[in-house]
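The block underneath contains the structure these notes are about, expressed in structure tokens.
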Amino acid sequence: MPVFQFNPPERFVAGTVGQPGDRTFFLQAVGEGRITSVVLEKAQVEALATRIEELLEEVNRRFGSPPDDVASPEDDGPLEQPIEQDFRVGTLALAWDAEAARVIIEAQEVDETAGEDLVEDDEEELEVFAEEAPAHRDVLRVYLTPGAARAFAGRAMKVVAAGRPDCPLCGRPLDPNGHICARQNGYRPDRLV
């Protein structure tokens with residue numbers, strides 16, 4: 001299976017397709033005349049953005065500000081067309097390349113062969129950042145300057161926050177078709193049997 005590598009990408013963003021409450025989340029890398037779009041969960045986008053910020057804070061604490069830590073311009077544009085899913089992300093990895101002063105983001109395809117129950121197996125260790133992808137999984141690997149990584153994380157958090165607003169009373173997402181609030185009527189409909 002291929003490794004879609006962008007070092008550096010012309011553009012790397014998180015984006016969505018669909019209406020709030022029914023959105024599909026994408027990571028999209030663009031460069032060298034190609035577009036790679038991978039699908040992932042909202043929680044994965046949020047976790048990736050948070051971890052990037054934490055990684056860059058740790059790098060600054062340990063090594064000082066990297067030379068390429070210049071703010072990249074804000075990218076609020078739509079995803080590049082056509083949006084064709086290359087694969088669904090199962091595992092995300094994040095690393096710092098001290099020699100190149102780059103953040104490395106790797107998204108591996110979900111392992112459909114593992115089944116629903118994921119059991120840790122000491123014999124098969126997940127290899128991230130390997131030169132070749134595992135035989136049965138595609139990989140998207142992106143190298144970003146610290147400034148580009150910060151810009152990605154900022155946009156990703158905006159994309160996550162752009163969903164349905166939360167109910168001020170119960171904190172659950174408001175549904176445009178109606179919302180039964182547990183704080184107003186004393187029960188949650190998903191707990192009724």
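Simple scheme: letters A, B, ... for chains in structure tokens order, numbers from 1 for residues in each chain, numbers from 1 for ligands in the order shown.
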
- Task: For A:Arg155, please output as a PyMOL selection string all residues within 9 Å (counting only C-alpha atoms; exclusion window: fewer than 3 positions along the same chain).
- Result: chain A and resi 13-15+49+74-76+150-152+158-160

Mind writing the picked residues with C-alpha atoms as a PDB file, in the first residue's frame?
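See again.pdb below for the written result:
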ATOM      1  CA  VAL A  13      -5.813  21.493   6.283  1.00  0.00           C
ATOM      2  CA  ALA A  14      -8.659  19.926   8.206  1.00  0.00           C
ATOM      3  CA  GLY A  15     -12.097  20.485   6.737  1.00  0.00           C
ATOM      4  CA  ALA A  49      -4.774  19.874  16.969  1.00  0.00           C
ATOM      5  CA  GLU A  74      -4.392  31.820   8.024  1.00  0.00           C
ATOM      6  CA  ASP A  75      -6.030  29.405   5.577  1.00  0.00           C
ATOM      7  CA  ASP A  76      -9.824  29.504   5.829  1.00  0.00           C
ATOM      8  CA  ARG A 150       0.335  26.049  14.410  1.00  0.00           C
ATOM      9  CA  ALA A 151      -1.785  27.344  11.503  1.00  0.00           C
ATOM     10  CA  PHE A 152      -3.107  23.809  10.890  1.00  0.00           C
ATOM     11  CA  LYS A 158     -12.189  26.257  14.303  1.00  0.00           C
ATOM     12  CA  VAL A 159     -13.526  23.422  12.140  1.00  0.00           C
ATOM     13  CA  VAL A 160     -14.345  21.329  15.225  1.00  0.00           C
TER      14      VAL A 160
END

I'd like a table as a tab-separated table: residues in stretch 48-107 of chain A with an atom no more than 10 Å from stretch 16-22 of chain A, each row giving the shortest atom pair and its distance in Å to one decimal, only C-alpha atoms counted, sorted by chain and rising residue number.
residue	atom	partner	partner_atom	distance
A:Pro78	CA	A:Thr16	CA	8.7
A:Leu79	CA	A:Thr16	CA	7.8
A:Ile83	CA	A:Val17	CA	9.0

Preceding selection exported with N, CA and C atoms as an mmCIF file, in the first residue's frame:
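File selection-v9.cif, as written:
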data_model
loop_
_atom_site.group_PDB
_atom_site.id
_atom_site.type_symbol
_atom_site.label_atom_id
_atom_site.label_comp_id
_atom_site.auth_asym_id
_atom_site.auth_seq_id
_atom_site.Cartn_x
_atom_site.Cartn_y
_atom_site.Cartn_z
ATOM 1 N N PRO A 78 -11.975 26.682 1.382
ATOM 2 C CA PRO A 78 -12.617 25.364 1.362
ATOM 3 C C PRO A 78 -11.623 24.280 0.965
ATOM 4 N N LEU A 79 -12.014 23.034 1.174
ATOM 5 C CA LEU A 79 -11.198 21.908 0.741
ATOM 6 C C LEU A 79 -11.066 21.945 -0.784
ATOM 7 N N ILE A 83 -13.137 16.195 -3.913
ATOM 8 C CA ILE A 83 -12.848 15.575 -2.628
ATOM 9 C C ILE A 83 -13.152 14.087 -2.773
#

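Within 6 Å of stretch 84-93 of chain A there are Ser37, Val38, Val39, Leu40, Ile105, Glu106, Ala107, Gln108, Glu109 and Val110 of chain A, counting only C-alpha atoms and ignoring same-chain residues fewer than 2 positions away.
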
Grab the residues selected above and save them as a PDB file, in the first residue's frame with N, CA and C atoms.
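Saved result, again.pdb, follows:
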ATOM      1  N   SER A  37      -6.899  13.127   0.289  1.00  0.00           N
ATOM      2  CA  SER A  37      -7.943  13.436   1.268  1.00  0.00           C
ATOM      3  C   SER A  37      -8.259  12.167   2.056  1.00  0.00           C
ATOM      4  N   VAL A  38      -8.153  12.256   3.375  1.00  0.00           N
ATOM      5  CA  VAL A  38      -8.445  11.109   4.229  1.00  0.00           C
ATOM      6  C   VAL A  38      -9.545  11.486   5.214  1.00  0.00           C
ATOM      7  N   VAL A  39     -10.419  10.529   5.511  1.00  0.00           N
ATOM      8  CA  VAL A  39     -11.554  10.742   6.409  1.00  0.00           C
ATOM      9  C   VAL A  39     -11.158  10.338   7.816  1.00  0.00           C
ATOM     10  N   LEU A  40     -11.607  11.111   8.790  1.00  0.00           N
ATOM     11  CA  LEU A  40     -11.377  10.771  10.186  1.00  0.00           C
ATOM     12  C   LEU A  40     -12.519  11.298  11.028  1.00  0.00           C
ATOM     13  N   ILE A 105       3.390  14.511  10.869  1.00  0.00           N
ATOM     14  CA  ILE A 105       2.064  13.963  11.157  1.00  0.00           C
ATOM     15  C   ILE A 105       1.876  12.753  10.264  1.00  0.00           C
ATOM     16  N   GLU A 106       1.500  11.643  10.881  1.00  0.00           N
ATOM     17  CA  GLU A 106       1.260  10.439  10.103  1.00  0.00           C
ATOM     18  C   GLU A 106      -0.135   9.916  10.423  1.00  0.00           C
ATOM     19  N   ALA A 107      -0.897   9.660   9.373  1.00  0.00           N
ATOM     20  CA  ALA A 107      -2.236   9.096   9.497  1.00  0.00           C
ATOM     21  C   ALA A 107      -2.237   7.754   8.785  1.00  0.00           C
ATOM     22  N   GLN A 108      -2.510   6.680   9.546  1.00  0.00           N
ATOM     23  CA  GLN A 108      -2.546   5.337   8.960  1.00  0.00           C
ATOM     24  C   GLN A 108      -3.982   4.900   8.771  1.00  0.00           C
ATOM     25  N   GLU A 109      -4.190   4.173   7.695  1.00  0.00           N
ATOM     26  CA  GLU A 109      -5.501   3.645   7.381  1.00  0.00           C
ATOM     27  C   GLU A 109      -5.979   2.726   8.500  1.00  0.00           C
ATOM     28  N   VAL A 110      -7.287   2.752   8.748  1.00  0.00           N
ATOM     29  CA  VAL A 110      -7.860   1.866   9.750  1.00  0.00           C
ATOM     30  C   VAL A 110      -7.611   0.427   9.303  1.00  0.00           C
TER      31      VAL A 110
END

Practice item. Do a neighbour search on A:Lys42 at 9 Å with only C-alpha atoms, toss out local chain neighbours closer than 4 positions, and write the hits as a ChimeraX atom specification. Key: /A:23-25,46-47,160

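Using only C-alpha atoms, the contacts of A:Arg11 at a cut-off of 12 Å, with sequence neighbours closer than 6 positions omitted, comprise Leu27, Gln28, Ala29, Val30, Gly31, Glu32, Gly33, Arg34, Ile35, Thr36, Ser37, Ser72, Pro73, Glu74, Asp75, Asp76, Gly77, Pro78, Leu79, Glu80, Val142, Tyr143, Leu144, Thr145, Ala148, Ala149, Ala151 and Phe152 of chain A.
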
Next item on the list: Identify all residues of stretch 23-177 of chain A in strand (DSSP E) (DSSP on the backbone) and supply them as a PyMOL selection string.
Entry: chain A and resi 24-31+34-40+85-97+102-109+139-144
